[in-house]
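Peer 1: Before we start, here is the structure in question, set down as structure tokens.
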Amino acid sequence: MKLLLLRHGETAGNREKRYIGRTDEPLSPPGRAALSPSKEDLSVQSVYVSPLCRAQETARILFPGAVLRIEPGLREMDFGIFEGKNWLELRDDPAYTAWVLSGCEAPCPEGEGRAFFCRRSCAAFAGAVSQSLGRGERFAAVVAHGGTLMAVMERFCGVPYFEGGAPCGCGWLLEITPEAWERGTVLSARRILRTEERT
């Protein structure tokens with residue numbers, strides 16, 4: 001099975017480098033315009049998608065003929081009191097400094113910690129893959145968030161956490177066989193740098 005693991009299209013908060021986690025922000029007009037389905041996208045059978053509107057909008061644009069399956073566990077990290085702010089607005093906040101110095105592993109105040117977030121994201125991804133393999137699908141997709149991609153790529157493909165993300169509208173193409181999935185083998189993956197390069 002081939003599986004596209006994609007980050008949603010751009011939002012206004014993304015352009016301003018803000019921490020947009022639980023905030024349910026839609027795609028921006030430029031973000032929407034930058035997305036267009038490829039021939040390959042039209043072959044996708046199921047799309048597992050975060051419940052946040054930016055991911056669902058992206059999925060509907062890129063995979064118009066696929067079944068959308070909402071997976072709550074694929075939502076972005078909850079950044080707590082850092083939500084909606086960028087590093088310039090936070091640079092003098094001692095709580096933010098402490099979080100960054102922890103390698104972004106400590107829980108965000110009133111939000112999530114990285115370990116919990118990664119377990120949640122990876123459990124949702126594993127459930128999606130198992131469902132698609134169980135249905136005998138040959139091509140599926142996951143549309144989620146930058147943090148979700150980092151968590152999944154680290155756990156299942158051995159990519160260091162901060163190297164597993166992607167620009168908006170981009171991501172990874174994974175090859176998954178039932179045998180490799182059952183064995184827990186590290187999955188092979190190819191980076192998809194731009195939406196237009198996916199064909």
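Residue numbers start at 1 in each chain; chains themselves are named A, B, ... in the order of the structure tokens; ligands are numbered from 1 in the order shown.
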How would you write, as a short mmCIF file (atom, residue, chain, number, x, y, z; two decimals) with N, CA and C atoms, in the first residue's frame, the set of residues in range 10-192 of chain A that DSSP gives as alpha helix (DSSP H)?

Peer 2:
```
data_model
loop_
_atom_site.label_atom_id
_atom_site.label_comp_id
_atom_site.auth_asym_id
_atom_site.auth_seq_id
_atom_site.Cartn_x
_atom_site.Cartn_y
_atom_site.Cartn_z
N ALA A 12 -3.41 31.71 7.79
CA ALA A 12 -2.84 33.02 8.13
C ALA A 12 -1.85 32.90 9.28
N GLY A 13 -2.17 32.07 10.26
CA GLY A 13 -1.27 31.88 11.40
C GLY A 13 0.04 31.23 11.00
N ASN A 14 -0.01 30.29 10.06
CA ASN A 14 1.23 29.68 9.56
C ASN A 14 2.14 30.74 8.95
N ARG A 15 1.55 31.59 8.14
CA ARG A 15 2.35 32.62 7.45
C ARG A 15 3.02 33.55 8.47
N PRO A 29 -6.75 32.29 1.80
CA PRO A 29 -6.97 32.25 0.34
C PRO A 29 -5.72 31.82 -0.44
N PRO A 30 -4.50 32.33 -0.12
CA PRO A 30 -3.33 31.84 -0.83
C PRO A 30 -3.06 30.35 -0.55
N GLY A 31 -3.34 29.93 0.68
CA GLY A 31 -3.15 28.52 1.02
C GLY A 31 -4.06 27.62 0.23
N ARG A 32 -5.30 28.06 0.07
CA ARG A 32 -6.28 27.30 -0.72
C ARG A 32 -5.85 27.26 -2.19
N ALA A 33 -5.42 28.40 -2.71
CA ALA A 33 -5.06 28.50 -4.13
C ALA A 33 -3.83 27.66 -4.47
N CYS A 53 -10.43 22.16 10.86
CA CYS A 53 -10.95 22.54 9.54
C CYS A 53 -9.86 22.73 8.51
N ARG A 54 -8.67 23.18 8.89
CA ARG A 54 -7.60 23.38 7.90
C ARG A 54 -7.18 22.07 7.24
N ALA A 55 -7.22 20.98 8.01
CA ALA A 55 -6.89 19.67 7.46
C ALA A 55 -8.03 19.14 6.60
N GLN A 56 -9.26 19.32 7.06
CA GLN A 56 -10.40 18.84 6.27
C GLN A 56 -10.55 19.60 4.96
N GLU A 57 -10.33 20.91 4.99
CA GLU A 57 -10.38 21.69 3.74
C GLU A 57 -9.33 21.18 2.75
N THR A 58 -8.13 20.94 3.24
CA THR A 58 -7.05 20.44 2.39
C THR A 58 -7.42 19.09 1.79
N ALA A 59 -7.96 18.20 2.61
CA ALA A 59 -8.33 16.86 2.13
C ALA A 59 -9.41 16.94 1.05
N ARG A 60 -10.37 17.82 1.22
CA ARG A 60 -11.45 17.92 0.23
C ARG A 60 -10.94 18.47 -1.10
N ILE A 61 -9.94 19.37 -1.05
CA ILE A 61 -9.38 19.92 -2.28
C ILE A 61 -8.52 18.89 -3.00
N LEU A 62 -7.65 18.21 -2.26
CA LEU A 62 -6.68 17.31 -2.89
C LEU A 62 -7.26 15.95 -3.27
N TRP A 87 7.22 33.38 18.14
CA TRP A 87 8.35 33.43 19.06
C TRP A 87 8.74 34.86 19.44
N LEU A 88 8.48 35.82 18.54
CA LEU A 88 8.79 37.21 18.88
C LEU A 88 7.93 37.69 20.05
N GLU A 89 6.68 37.28 20.08
CA GLU A 89 5.78 37.67 21.16
C GLU A 89 6.07 36.89 22.45
N LEU A 90 6.74 35.77 22.32
CA LEU A 90 6.98 34.89 23.47
C LEU A 90 8.41 34.94 24.00
N PRO A 94 9.24 33.60 30.48
CA PRO A 94 10.07 32.56 31.09
C PRO A 94 9.53 31.15 30.84
N ALA A 95 8.21 31.00 30.79
CA ALA A 95 7.63 29.68 30.54
C ALA A 95 7.98 29.19 29.14
N TYR A 96 7.98 30.10 28.19
CA TYR A 96 8.34 29.74 26.81
C TYR A 96 9.82 29.38 26.73
N THR A 97 10.65 30.18 27.37
CA THR A 97 12.09 29.90 27.38
C THR A 97 12.37 28.52 27.97
N ALA A 98 11.69 28.20 29.06
CA ALA A 98 11.88 26.89 29.69
C ALA A 98 11.44 25.77 28.76
N TRP A 99 10.36 25.97 28.06
CA TRP A 99 9.85 24.94 27.12
C TRP A 99 10.85 24.72 25.99
N VAL A 100 11.36 25.80 25.42
CA VAL A 100 12.33 25.67 24.32
C VAL A 100 13.60 24.99 24.81
N LEU A 101 14.07 25.37 26.00
CA LEU A 101 15.29 24.78 26.55
C LEU A 101 15.13 23.29 26.87
N ARG A 114 5.28 16.77 24.67
CA ARG A 114 5.62 16.06 23.44
C ARG A 114 5.38 14.56 23.54
N ALA A 115 5.71 13.94 24.65
CA ALA A 115 5.56 12.49 24.76
C ALA A 115 4.09 12.08 24.63
N PHE A 116 3.21 12.80 25.32
CA PHE A 116 1.78 12.49 25.23
C PHE A 116 1.28 12.73 23.81
N PHE A 117 1.66 13.86 23.22
CA PHE A 117 1.24 14.20 21.87
C PHE A 117 1.68 13.13 20.87
N CYS A 118 2.93 12.68 20.98
CA CYS A 118 3.45 11.68 20.05
C CYS A 118 2.71 10.35 20.20
N ARG A 119 2.44 9.94 21.43
CA ARG A 119 1.68 8.69 21.63
C ARG A 119 0.29 8.80 21.00
N ARG A 120 -0.37 9.91 21.22
CA ARG A 120 -1.71 10.12 20.65
C ARG A 120 -1.68 10.08 19.12
N SER A 121 -0.76 10.83 18.54
CA SER A 121 -0.66 10.92 17.08
C SER A 121 -0.33 9.57 16.46
N CYS A 122 0.63 8.87 17.06
CA CYS A 122 1.07 7.60 16.49
C CYS A 122 0.01 6.51 16.65
N ALA A 123 -0.75 6.55 17.73
CA ALA A 123 -1.85 5.59 17.89
C ALA A 123 -2.91 5.81 16.82
N ALA A 124 -3.23 7.08 16.53
CA ALA A 124 -4.22 7.38 15.49
C ALA A 124 -3.71 6.95 14.13
N PHE A 125 -2.44 7.20 13.85
CA PHE A 125 -1.86 6.81 12.57
C PHE A 125 -1.86 5.29 12.43
N ALA A 126 -1.46 4.59 13.47
CA ALA A 126 -1.44 3.12 13.43
C ALA A 126 -2.83 2.56 13.17
N GLY A 127 -3.83 3.15 13.80
CA GLY A 127 -5.20 2.71 13.57
C GLY A 127 -5.62 2.92 12.13
N ALA A 128 -5.23 4.06 11.54
CA ALA A 128 -5.57 4.35 10.15
C ALA A 128 -4.92 3.35 9.20
N VAL A 129 -3.64 3.08 9.41
CA VAL A 129 -2.94 2.12 8.54
C VAL A 129 -3.56 0.74 8.65
N SER A 130 -3.84 0.30 9.88
CA SER A 130 -4.44 -1.03 10.07
C SER A 130 -5.80 -1.13 9.38
N GLN A 131 -6.59 -0.05 9.46
CA GLN A 131 -7.89 -0.06 8.78
C GLN A 131 -7.73 -0.18 7.27
N SER A 132 -6.82 0.59 6.70
CA SER A 132 -6.63 0.56 5.25
C SER A 132 -6.09 -0.79 4.78
N LEU A 133 -5.13 -1.33 5.51
CA LEU A 133 -4.61 -2.66 5.15
C LEU A 133 -5.70 -3.71 5.27
N GLY A 134 -6.52 -3.58 6.30
CA GLY A 134 -7.61 -4.54 6.51
C GLY A 134 -8.64 -4.50 5.40
N GLY A 146 1.93 19.66 11.00
CA GLY A 146 3.38 19.54 11.06
C GLY A 146 3.87 18.68 12.21
N GLY A 147 3.32 18.90 13.39
CA GLY A 147 3.72 18.11 14.55
C GLY A 147 3.34 16.65 14.41
N THR A 148 2.17 16.38 13.84
CA THR A 148 1.73 15.01 13.64
C THR A 148 2.69 14.28 12.72
N LEU A 149 3.11 14.95 11.63
CA LEU A 149 4.07 14.34 10.72
C LEU A 149 5.37 14.02 11.43
N MET A 150 5.86 14.95 12.26
CA MET A 150 7.12 14.72 12.97
C MET A 150 7.02 13.51 13.88
N ALA A 151 5.91 13.40 14.61
CA ALA A 151 5.73 12.27 15.52
C ALA A 151 5.69 10.95 14.77
N VAL A 152 4.93 10.91 13.68
CA VAL A 152 4.77 9.67 12.90
C VAL A 152 6.07 9.27 12.23
N MET A 153 6.75 10.23 11.62
CA MET A 153 7.99 9.90 10.91
C MET A 153 9.07 9.43 11.86
N GLU A 154 9.12 9.97 13.06
CA GLU A 154 10.10 9.50 14.04
C GLU A 154 9.79 8.07 14.46
N ARG A 155 8.54 7.80 14.79
CA ARG A 155 8.17 6.49 15.32
C ARG A 155 8.21 5.38 14.27
N PHE A 156 7.71 5.65 13.08
CA PHE A 156 7.53 4.57 12.11
C PHE A 156 8.59 4.54 11.00
N CYS A 157 9.31 5.65 10.81
CA CYS A 157 10.29 5.71 9.71
C CYS A 157 11.69 6.05 10.18
N PRO A 178 1.70 -5.36 4.34
CA PRO A 178 1.15 -5.99 5.54
C PRO A 178 2.22 -6.71 6.36
N GLU A 179 3.18 -7.35 5.69
CA GLU A 179 4.23 -8.09 6.39
C GLU A 179 5.12 -7.15 7.19
N ALA A 180 5.55 -6.05 6.57
CA ALA A 180 6.40 -5.09 7.27
C ALA A 180 5.65 -4.46 8.43
N TRP A 181 4.36 -4.17 8.22
CA TRP A 181 3.55 -3.56 9.28
C TRP A 181 3.42 -4.50 10.47
N GLU A 182 3.17 -5.77 10.20
CA GLU A 182 3.04 -6.76 11.29
C GLU A 182 4.35 -6.92 12.04
N ARG A 183 5.46 -6.88 11.34
CA ARG A 183 6.77 -7.05 11.99
C ARG A 183 7.22 -5.79 12.72
#
```

Peer 1: Just the strand (DSSP E or B) stuff from range 114-169 of chain A, please, per backbone DSSP, written as a list of chain:residue names.

Peer 2: A:Phe139, A:Ala140, A:Ala141, A:Val142, A:Val143, A:Ala144

Peer 1: Rounded to one decimal, what separation in Å do you get between CA of Arg22 in chain A and CA of Ala166 in chain A?

Peer 2: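 Separating CA of Arg22 in chain A from CA of Ala166 in chain A is a distance of 18.7 Å.
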
Peer 1: Using Å and a single decimal, report how far CA of Leu74 in chain A sits from CA of Gly103 in chain A.

Peer 2: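 It comes out at 21.7 Å.
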
Peer 1: Between A:Ala189, A:Leu35, A:Cys104, A:Cys170, which one has atoms that come closest to Ala144 in chain A, using only C-alpha atoms?

Peer 2: A:Cys170

Peer 1: If we count only C-alpha atoms and set the cut-off at 7 Å, which residues sit around Leu174 in chain A, ignoring sequence neighbours fewer than 3 positions away in its own chain? Please answer as a ChimeraX atom specification.

Peer 2: /A:2-4,187-190

Peer 1: How would the residues just chosen look if you wrote them out with N, CA, C and O atoms as a PDB file, in the first residue's frame?

Peer 2:
```pdb
ATOM      1  N   LYS A   2       0.491   2.233  -0.804  1.00  0.00           N
ATOM      2  CA  LYS A   2       1.120   3.548  -0.742  1.00  0.00           C
ATOM      3  C   LYS A   2       0.276   4.436   0.165  1.00  0.00           C
ATOM      4  O   LYS A   2      -0.959   4.355   0.132  1.00  0.00           O
ATOM      5  N   LEU A   3       0.942   5.266   0.955  1.00  0.00           N
ATOM      6  CA  LEU A   3       0.222   6.182   1.840  1.00  0.00           C
ATOM      7  C   LEU A   3       0.873   7.548   1.789  1.00  0.00           C
ATOM      8  O   LEU A   3       2.072   7.692   2.047  1.00  0.00           O
ATOM      9  N   LEU A   4       0.089   8.558   1.428  1.00  0.00           N
ATOM     10  CA  LEU A   4       0.545   9.942   1.468  1.00  0.00           C
ATOM     11  C   LEU A   4       0.301  10.501   2.869  1.00  0.00           C
ATOM     12  O   LEU A   4      -0.819  10.418   3.380  1.00  0.00           O
ATOM     13  N   LEU A 187       9.509   1.775   8.145  1.00  0.00           N
ATOM     14  CA  LEU A 187       8.893   1.948   6.834  1.00  0.00           C
ATOM     15  C   LEU A 187       9.754   2.825   5.934  1.00  0.00           C
ATOM     16  O   LEU A 187      10.410   3.751   6.402  1.00  0.00           O
ATOM     17  N   SER A 188       9.738   2.512   4.638  1.00  0.00           N
ATOM     18  CA  SER A 188      10.456   3.356   3.685  1.00  0.00           C
ATOM     19  C   SER A 188       9.579   4.552   3.325  1.00  0.00           C
ATOM     20  O   SER A 188       8.350   4.439   3.253  1.00  0.00           O
ATOM     21  N   ALA A 189      10.219   5.690   3.116  1.00  0.00           N
ATOM     22  CA  ALA A 189       9.479   6.920   2.851  1.00  0.00           C
ATOM     23  C   ALA A 189      10.281   7.814   1.929  1.00  0.00           C
ATOM     24  O   ALA A 189      11.513   7.806   1.941  1.00  0.00           O
ATOM     25  N   ARG A 190       9.570   8.583   1.136  1.00  0.00           N
ATOM     26  CA  ARG A 190      10.175   9.569   0.240  1.00  0.00           C
ATOM     27  C   ARG A 190       9.534  10.917   0.506  1.00  0.00           C
ATOM     28  O   ARG A 190       8.309  11.037   0.557  1.00  0.00           O
TER      29      ARG A 190
END
```

Peer 1: What is the distance between CA of Glu105 in chain A and CA of Pro26 in chain A, in Å to one decimal?

Peer 2: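 Going from CA of Glu105 in chain A over to CA of Pro26 in chain A covers 27.2 Å.
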
Peer 1: For the contact check between range 107-197 of chain A and range 36-44 of chain A, emit one row per residue of range 107-197 of chain A within 7 Å, containing the shortest atom pair and the distance in Å rounded to one decimal, counting only C-alpha atoms, chain then rising number order, as JSON lines.

Peer 2:
```
{"residue": "A:Phe139", "atom": "CA", "partner": "A:Val44", "partner_atom": "CA", "distance": 5.0}
{"residue": "A:Ala140", "atom": "CA", "partner": "A:Val44", "partner_atom": "CA", "distance": 5.1}
{"residue": "A:Ala141", "atom": "CA", "partner": "A:Val44", "partner_atom": "CA", "distance": 6.7}
```

Peer 1: Tell me, as a list in words, which residues lie within 7 Å of Glu71 in chain A, counting only C-alpha atoms; anything in the same chain fewer than 6 positions away does not count.

Peer 2: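 In the requested format, the answer is Tyr48, Val49, Ser50, Pro51 and Ala124 of chain A.
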
Peer 1: I'd like to know which of A:Pro167, A:Asn86, A:Ser46, A:Ser28 is closest to Gly65 in chain A, using only C-alpha atoms.

Peer 2: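 The answer is A:Ser46, which sits nearest to Gly65 in chain A.
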